[in-house]
Amino acid sequence: MNKSVLIVGAGERICPAEIIKSFDFVIAADGGYNLIKSIAEPIAVIGDFDSLPARKVPNRIPVLRFPKAKDETDVELALKYALLSAFQWIYITGVSGDRNDHFYVALSLLEKYHSKEIHILTEREDIFILNDKRKYVFENMKNFQVSFFSVTAECGKIKSKGFEYEYRGAVLSRKNPIGVSNFIKEKRAEITFEKGKMLCFLKIR
């Protein structure tokens, strides 16, 4: 099943309304419902409802309520629901703002579920994990800013084409985050590597 879904958390930095409207399926994580209720109707609202009274959700929308004492954040509960619903592409927004600890948790979820196609969207960025032994292609993104960081001890044998600062068998280290502020300089750019996992911040606006 090749479907995509957008999960909306309660963080202030959500992607623009036109992007939210482009999704056929949206899931709200607790207070994220307040951020998108005037933009899109979610297929479910999920969480412990500590920031949103469940009675505020219309009866026609399914509500999945969890206890406040739990091991997962509301966003991870929504993510698990999306995976069980067989969504192939999962996008998450509303995980950053005045709670930097929640943003860190969201970044950690990308690593925890690295085998899945999961992206974090802010109002200006697309953030995702790149796995090894695979070619990643950036089409029609000339002059977009992009940063790469190793989320493993090392990310090795990196090769690229079409960037301002090219990789020619280089190694990125988690202890030495030197992959910040690169730029795509060609209509088609690509990057490959043979070891480790890489976190990509792609500036899209």
# chains A, B, ... in the order shown; residues from 1 in each chain; ligands from 1
$ residues_around --residues "Val180 of chain A" --least-positions-apart "2" --cutoff "12 Å" --atoms "only C-alpha atoms" --output "PyMOL selection string"
chain A and resi 145-150+164-165+172+176-178+182-183+199-203
$ select_by_dssp --residues "segment 42-91 of chain A" --states "helix (DSSP H, G or I)" --output "PyMOL selection string"
chain A and resi 54-56+74-84
$ closest_residue --among "A:Ala153, A:Val5, A:Val137, A:Ile39" --to "Lys175 of chain A" --atoms "only C-alpha atoms"
A:Ala153
$ closest_residue --among "A:Met141, A:Val151, A:Ala78, A:Leu130" --to "Phe193 of chain A" --atoms "only C-alpha atoms"
A:Leu130
$ closest_atom_pairs --of "segment 73-190 of chain A" --to "segment 59-64 of chain A" --cutoff "12 Å" --atoms "only C-alpha atoms" --output "JSON lines"
{"residue": "A:Asp74", "atom": "CA", "partner": "A:Leu64", "partner_atom": "CA", "distance": 10.4}
{"residue": "A:Leu77", "atom": "CA", "partner": "A:Leu64", "partner_atom": "CA", "distance": 9.4}
{"residue": "A:Ala78", "atom": "CA", "partner": "A:Leu64", "partner_atom": "CA", "distance": 9.3}
{"residue": "A:Tyr81", "atom": "CA", "partner": "A:Leu64", "partner_atom": "CA", "distance": 9.7}
$ closest_residue --among "A:Ala17, A:Leu52, A:Cys155, A:Arg134" --to "Arg174 of chain A" --atoms "only C-alpha atoms"
A:Cys155
$ select_by_dssp --residues "segment 42-86 of chain A" --states "strand (DSSP E)" --output "PyMOL selection string"
chain A and resi 44-47+63-65
$ atom_distance --atom1 "atom CA of Ala10 of chain A" --atom2 "atom CA of Val95 of chain A"
6.7 Å
$ residues_around --residues "Leu6 of chain A" --least-positions-apart "6" --cutoff "10 Å" --atoms "only C-alpha atoms" --output "JSON, numbers by chain"
{"A": [19, 20, 21, 22, 23, 24, 25, 26, 27, 28, 42, 78, 79, 82, 87, 89, 90, 91, 92, 93, 118, 119, 120, 121]}
$ residues_around --residues "Ile184 of chain A" --least-positions-apart "2" --cutoff "6 Å" --atoms "only C-alpha atoms" --output "ChimeraX atom specification"
/A:142-144,163,186
$ closest_residue --among "A:Gly11, A:Gly196, A:Gly47, A:Gly97" --to "Lys70 of chain A" --atoms "only C-alpha atoms"
A:Gly47
$ residues_around --residues "segment 98-102 of chain A" --least-positions-apart "2" --cutoff "12 Å" --atoms "only C-alpha atoms" --output "ChimeraX atom specification"
/A:9-13,72-76,93-96,104-109
$ atom_distance --atom1 "atom CA of Lys116 of chain A" --atom2 "atom CA of Ser85 of chain A"
13.4 Å
$ decode --residues "segment 83-118 of chain A" --atoms "N, CA and C atoms" --output "PDB file, in the first residue's frame"
ATOM      1  N   LEU A  83       1.871   3.122  11.339  1.00  0.00           N
ATOM      2  CA  LEU A  83       2.564   1.927  10.847  1.00  0.00           C
ATOM      3  C   LEU A  83       1.621   0.727  10.814  1.00  0.00           C
ATOM      4  N   LEU A  84       0.794   0.579  11.849  1.00  0.00           N
ATOM      5  CA  LEU A  84      -0.167  -0.524  11.877  1.00  0.00           C
ATOM      6  C   LEU A  84      -1.231  -0.368  10.799  1.00  0.00           C
ATOM      7  N   SER A  85      -1.457   0.877  10.386  1.00  0.00           N
ATOM      8  CA  SER A  85      -2.440   1.140   9.330  1.00  0.00           C
ATOM      9  C   SER A  85      -1.836   1.023   7.940  1.00  0.00           C
ATOM     10  N   ALA A  86      -0.583   0.576   7.874  1.00  0.00           N
ATOM     11  CA  ALA A  86       0.098   0.269   6.610  1.00  0.00           C
ATOM     12  C   ALA A  86       0.382   1.498   5.759  1.00  0.00           C
ATOM     13  N   PHE A  87       0.562   2.645   6.387  1.00  0.00           N
ATOM     14  CA  PHE A  87       1.023   3.804   5.626  1.00  0.00           C
ATOM     15  C   PHE A  87       2.508   3.636   5.323  1.00  0.00           C
ATOM     16  N   GLN A  88       2.870   3.845   4.059  1.00  0.00           N
ATOM     17  CA  GLN A  88       4.263   3.643   3.659  1.00  0.00           C
ATOM     18  C   GLN A  88       5.108   4.882   3.917  1.00  0.00           C
ATOM     19  N   TRP A  89       4.534   6.047   3.672  1.00  0.00           N
ATOM     20  CA  TRP A  89       5.252   7.304   3.864  1.00  0.00           C
ATOM     21  C   TRP A  89       4.598   8.055   5.017  1.00  0.00           C
ATOM     22  N   ILE A  90       5.371   8.342   6.047  1.00  0.00           N
ATOM     23  CA  ILE A  90       4.840   9.012   7.234  1.00  0.00           C
ATOM     24  C   ILE A  90       5.576  10.335   7.433  1.00  0.00           C
ATOM     25  N   TYR A  91       4.810  11.395   7.493  1.00  0.00           N
ATOM     26  CA  TYR A  91       5.357  12.732   7.730  1.00  0.00           C
ATOM     27  C   TYR A  91       4.841  13.224   9.080  1.00  0.00           C
ATOM     28  N   ILE A  92       5.709  13.888   9.825  1.00  0.00           N
ATOM     29  CA  ILE A  92       5.356  14.362  11.159  1.00  0.00           C
ATOM     30  C   ILE A  92       5.652  15.854  11.238  1.00  0.00           C
ATOM     31  N   THR A  93       4.716  16.615  11.745  1.00  0.00           N
ATOM     32  CA  THR A  93       4.939  18.046  11.960  1.00  0.00           C
ATOM     33  C   THR A  93       4.426  18.408  13.347  1.00  0.00           C
ATOM     34  N   GLY A  94       4.750  19.631  13.802  1.00  0.00           N
ATOM     35  CA  GLY A  94       4.320  20.045  15.122  1.00  0.00           C
ATOM     36  C   GLY A  94       5.086  19.375  16.247  1.00  0.00           C
ATOM     37  N   VAL A  95       6.381  19.120  16.038  1.00  0.00           N
ATOM     38  CA  VAL A  95       7.197  18.492  17.082  1.00  0.00           C
ATOM     39  C   VAL A  95       8.306  19.426  17.558  1.00  0.00           C
ATOM     40  N   SER A  96       8.280  20.663  17.113  1.00  0.00           N
ATOM     41  CA  SER A  96       9.297  21.623  17.548  1.00  0.00           C
ATOM     42  C   SER A  96       8.623  22.945  17.891  1.00  0.00           C
ATOM     43  N   GLY A  97       9.283  23.706  18.720  1.00  0.00           N
ATOM     44  CA  GLY A  97       8.732  24.974  19.187  1.00  0.00           C
ATOM     45  C   GLY A  97       9.426  25.345  20.481  1.00  0.00           C
ATOM     46  N   ASP A  98       8.653  25.618  21.535  1.00  0.00           N
ATOM     47  CA  ASP A  98       9.281  26.001  22.797  1.00  0.00           C
ATOM     48  C   ASP A  98       9.689  24.799  23.640  1.00  0.00           C
ATOM     49  N   ARG A  99       9.428  23.572  23.159  1.00  0.00           N
ATOM     50  CA  ARG A  99       9.838  22.364  23.866  1.00  0.00           C
ATOM     51  C   ARG A  99      10.921  21.663  23.065  1.00  0.00           C
ATOM     52  N   ASN A 100      12.173  22.080  23.288  1.00  0.00           N
ATOM     53  CA  ASN A 100      13.284  21.473  22.559  1.00  0.00           C
ATOM     54  C   ASN A 100      13.478  20.008  22.938  1.00  0.00           C
ATOM     55  N   ASP A 101      13.049  19.621  24.150  1.00  0.00           N
ATOM     56  CA  ASP A 101      13.160  18.215  24.526  1.00  0.00           C
ATOM     57  C   ASP A 101      12.248  17.349  23.661  1.00  0.00           C
ATOM     58  N   HIS A 102      11.067  17.866  23.318  1.00  0.00           N
ATOM     59  CA  HIS A 102      10.170  17.117  22.432  1.00  0.00           C
ATOM     60  C   HIS A 102      10.763  17.003  21.026  1.00  0.00           C
ATOM     61  N   PHE A 103      11.443  18.052  20.578  1.00  0.00           N
ATOM     62  CA  PHE A 103      12.077  17.995  19.259  1.00  0.00           C
ATOM     63  C   PHE A 103      13.189  16.950  19.254  1.00  0.00           C
ATOM     64  N   TYR A 104      13.954  16.880  20.332  1.00  0.00           N
ATOM     65  CA  TYR A 104      15.011  15.871  20.427  1.00  0.00           C
ATOM     66  C   TYR A 104      14.413  14.461  20.380  1.00  0.00           C
ATOM     67  N   VAL A 105      13.309  14.274  21.095  1.00  0.00           N
ATOM     68  CA  VAL A 105      12.646  12.967  21.068  1.00  0.00           C
ATOM     69  C   VAL A 105      12.197  12.627  19.650  1.00  0.00           C
ATOM     70  N   ALA A 106      11.657  13.612  18.944  1.00  0.00           N
ATOM     71  CA  ALA A 106      11.195  13.363  17.572  1.00  0.00           C
ATOM     72  C   ALA A 106      12.358  12.968  16.668  1.00  0.00           C
ATOM     73  N   LEU A 107      13.498  13.641  16.808  1.00  0.00           N
ATOM     74  CA  LEU A 107      14.681  13.261  16.027  1.00  0.00           C
ATOM     75  C   LEU A 107      15.115  11.836  16.379  1.00  0.00           C
ATOM     76  N   SER A 108      15.011  11.487  17.649  1.00  0.00           N
ATOM     77  CA  SER A 108      15.379  10.136  18.067  1.00  0.00           C
ATOM     78  C   SER A 108      14.438   9.095  17.470  1.00  0.00           C
ATOM     79  N   LEU A 109      13.173   9.470  17.260  1.00  0.00           N
ATOM     80  CA  LEU A 109      12.237   8.538  16.635  1.00  0.00           C
ATOM     81  C   LEU A 109      12.642   8.216  15.202  1.00  0.00           C
ATOM     82  N   LEU A 110      13.213   9.198  14.508  1.00  0.00           N
ATOM     83  CA  LEU A 110      13.699   8.928  13.149  1.00  0.00           C
ATOM     84  C   LEU A 110      14.755   7.828  13.172  1.00  0.00           C
ATOM     85  N   GLU A 111      15.624   7.886  14.164  1.00  0.00           N
ATOM     86  CA  GLU A 111      16.662   6.863  14.276  1.00  0.00           C
ATOM     87  C   GLU A 111      16.074   5.529  14.739  1.00  0.00           C
ATOM     88  N   LYS A 112      15.142   5.576  15.681  1.00  0.00           N
ATOM     89  CA  LYS A 112      14.530   4.352  16.202  1.00  0.00           C
ATOM     90  C   LYS A 112      13.794   3.595  15.096  1.00  0.00           C
ATOM     91  N   TYR A 113      13.121   4.312  14.224  1.00  0.00           N
ATOM     92  CA  TYR A 113      12.349   3.689  13.145  1.00  0.00           C
ATOM     93  C   TYR A 113      13.022   3.947  11.794  1.00  0.00           C
ATOM     94  N   HIS A 114      14.330   3.835  11.775  1.00  0.00           N
ATOM     95  CA  HIS A 114      15.092   4.231  10.583  1.00  0.00           C
ATOM     96  C   HIS A 114      14.780   3.392   9.354  1.00  0.00           C
ATOM     97  N   SER A 115      14.271   2.196   9.534  1.00  0.00           N
ATOM     98  CA  SER A 115      13.965   1.344   8.378  1.00  0.00           C
ATOM     99  C   SER A 115      12.685   1.767   7.668  1.00  0.00           C
ATOM    100  N   LYS A 116      11.930   2.684   8.257  1.00  0.00           N
ATOM    101  CA  LYS A 116      10.689   3.181   7.670  1.00  0.00           C
ATOM    102  C   LYS A 116      10.930   4.524   6.994  1.00  0.00           C
ATOM    103  N   GLU A 117      10.016   4.909   6.117  1.00  0.00           N
ATOM    104  CA  GLU A 117      10.125   6.203   5.431  1.00  0.00           C
ATOM    105  C   GLU A 117       9.383   7.253   6.268  1.00  0.00           C
ATOM    106  N   ILE A 118      10.131   7.906   7.144  1.00  0.00           N
ATOM    107  CA  ILE A 118       9.534   8.870   8.064  1.00  0.00           C
ATOM    108  C   ILE A 118      10.265  10.204   7.932  1.00  0.00           C
TER     109      ILE A 118
END
